[in-house]
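Just below is one structure, and these are the notes that go with it.
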Protein chains: 2
Amino acid sequence: MKAKYHHGDLANSLVSATVSLLQTRGLAQLSLREVAREAGVSHAAPAHHFGDKAGLLTAVAIEGYGVLAEALRASQTLGCRSPEQRLLDAGFAYIQFALSHTAHFEVMFHPALTHSESPEYVTASLAAKAVLETCIRNFLRQQSPLEQIPERQIQATVIALWSQVHGFANLWLAGNLGDVTDTVRRDMVILDVLASVIPRPHQPT
Amino acid sequence: MKAKYHHGDLANSLVSATVSLLQTRGLAQLSLREVAREAGVSHAAPAHHFGDKAGLLTAVAIEGYGVLAEALRASQTLGCRSPEQRLLDAGFAYIQFALSHTAHFEVMFHPALTHSESPEYVTASLAAKAVLETCIRNFLRQQSPLEQIPERQIQATVIALWSQVHGFANLWLAGNLGDVTDTVRRDMVILDVLASVIPRPHQPT
DNA sequence: AGCCAAACTAGACACTGTCAAGATAAATCA
DNA sequence: TGATTTATCTTGACAGTGTCTAGTTTGGCT
């Protein structure tokens, strides 16, 4: 833990400090220099490890994609549940991630803040998206096992459900969902909302 | 149009300049001083009219709420359509607003950027939300005119559909919906997605 | 021991938001 | 009309920011 010239694990410390500051002060007030101060290093140290501010936020986003993917996977592992319940659990996990990892979530979905074309970013992003898509594909497969669903419709469903939970999280974080603050009612609202949009088995064109 | 000491309509000009700069350079690069430069006034002129940067963005957000509300209203005025089509049109209008007024949309749903507790902001925000809610209520009313739908379920549907279009717009703007760039396929994707989540007449609890 | 590359610091520069104080023009009123 | 008041805008300053360059320290290697 002694931080002299060679911190040992400064890169990770800087990412942690960034997340911490994002949660407390918010994105607008975040500064590289304050991150450096929080980590106890000089003001230009972050630039050495991450190039620039966008590079640091890129690391935050990549970490976020990993956490999200893991959360989605974990939501599907426990057995003995109906396909609908599994899908609800995935959506619930997505929203819970967004609400409990506000800093990561915000950075992940604002590509202008990051180097969103860097290989590591693209890889992490696609990996998380793949897990999400798998959840929905599994649901559709188990829901209508006999008939083949056209790929186009699968894609539309993926986008629709993703939009659903993503929009809910965004509206919630932006304070647009009223003053449902206490946890109990919050969970009920989320489940109500999610349950109301499980797609029908046969969708009319 | 001559801008000497008294510009005449500087406040509006500053808002326009802000929107223009937001579209070209993006939120991260926006600076009060550049806005002032764009409007041809001194660097501290914006502060006089809007107090601070958040004040200027507040004006942008309020303008955005007005445009959104008007777009939603306009989507419902033309007659002779099924309730489903009307609902689709409302959702489509919401998404079209988000994609064509990126600057406004981004500012509107990031309360940390604005004085989101100011009376004008709250009024404009609630007004737009009320129009949106009316669209959905009208749909539900026409869809099942006989039975009374519990208020709780109506609220859940409002949140669900709002989340739907809001999340779609966000994911789209963040570049997470693949490379569906040309307009034709874009419209089809949007309609596919929207059509796939029109709520069922009778939702199981 | 000697050297090298990586890790970090120190200083500087242009730029930012905001504040105080001053200058100017328009509106008001005698 | 002419004086004064008021809103509008400018000027200058300050602390803080991101990033660049050059320098300093350190650990690992042969």
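Every chain in the structure tokens takes a letter, A first, then B, and so on in the order presented; its residues are numbered from 1, and the ligands are numbered from 1 following the presented order.
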Return as a count of residues only the residues belonging to chain A that are within 12 Å of chain C, counting only C-alpha atoms (C1' of nucleotides).
-> 21
Quick one: residues within 12 Å of stretch 168-171 of chain B, only C-alpha atoms (C1' of nucleotides) counted, chain neighbours fewer than 6 positions away excluded, as JSON, numbers by chain?
-> {"A": [106, 108, 109, 110, 111, 129, 156, 157, 158, 159, 160, 161, 162, 163, 164, 165, 166, 167, 168, 169, 170, 171], "B": [91, 92, 93, 94, 95, 96, 97, 98, 99, 100, 101, 102, 105, 106, 109, 161, 162, 177, 178, 186, 189, 190, 191, 192, 193, 194]}
Which of these, B:Gln85, B:Ser144, B:Thr114, B:Gln153, has the shortest distance to chain A once you count only C-alpha atoms?
-> B:Gln153
Nearest to chain D among A:Ser75, A:Ser118, A:Ser31, A:Gln23, with distances taken over only C-alpha atoms (C1' of nucleotides): which residue is it?
->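 For chain D, the nearest of the candidates is A:Ser31.
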Taking a cut-off of 8 Å and counting only C-alpha atoms (C1' of nucleotides), can you build a table that, for each residue of chain D near chain A, reports the nearest atom pair and how far apart they are in Å (one decimal), sorted by chain then residue number, as JSON lines?
```
{"residue": "D:DT17", "atom": "C1'", "partner": "A:Ser31", "partner_atom": "CA", "distance": 7.1}
{"residue": "D:DG18", "atom": "C1'", "partner": "A:Lys53", "partner_atom": "CA", "distance": 7.7}
{"residue": "D:DT19", "atom": "C1'", "partner": "A:Asp52", "partner_atom": "CA", "distance": 7.7}
{"residue": "D:DT25", "atom": "C1'", "partner": "A:Tyr5", "partner_atom": "CA", "distance": 6.7}
{"residue": "D:DT26", "atom": "C1'", "partner": "A:Tyr5", "partner_atom": "CA", "distance": 6.8}
```
With C-alpha atoms (C1' of nucleotides) retained, write the just-selected residues as a tab-separated table (two decimals), in the first residue's frame.
```tsv
chain	number	residue	atom	x	y	z
D	17	DT	C1'	-8.77	21.75	-15.91
D	18	DG	C1'	-6.55	18.44	-19.82
D	19	DT	C1'	-2.51	17.61	-22.03
D	25	DT	C1'	13.28	8.02	-9.76
D	26	DT	C1'	12.95	3.09	-9.52
```
Point-to-point distance in Å for atom CA of B:Leu173 and atom CA of A:Val67 |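 Result for atom CA of A:Val67 versus atom CA of B:Leu173: 22.7 Å, one decimal.
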Grab the atom CA of B:Cys135 to atom CA of A:Asn176 distance for me, in Å with one decimal place.
->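 Between these atoms lies a distance of 17.4 Å.
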Would you mind listing what lies within 10 Å of B:Thr24 as a ChimeraX atom specification, with only C-alpha atoms (C1' of nucleotides) counted and same-chain residues fewer than 6 positions away left out?
-> /B:18,30,103
Alpha helix (DSSP H) residues, from DSSP on the backbone, in stretch 55-177 of chain B, as an MDAnalysis selection string = chainID B and resid 55:77 83:100 102:108 119:143 151:173
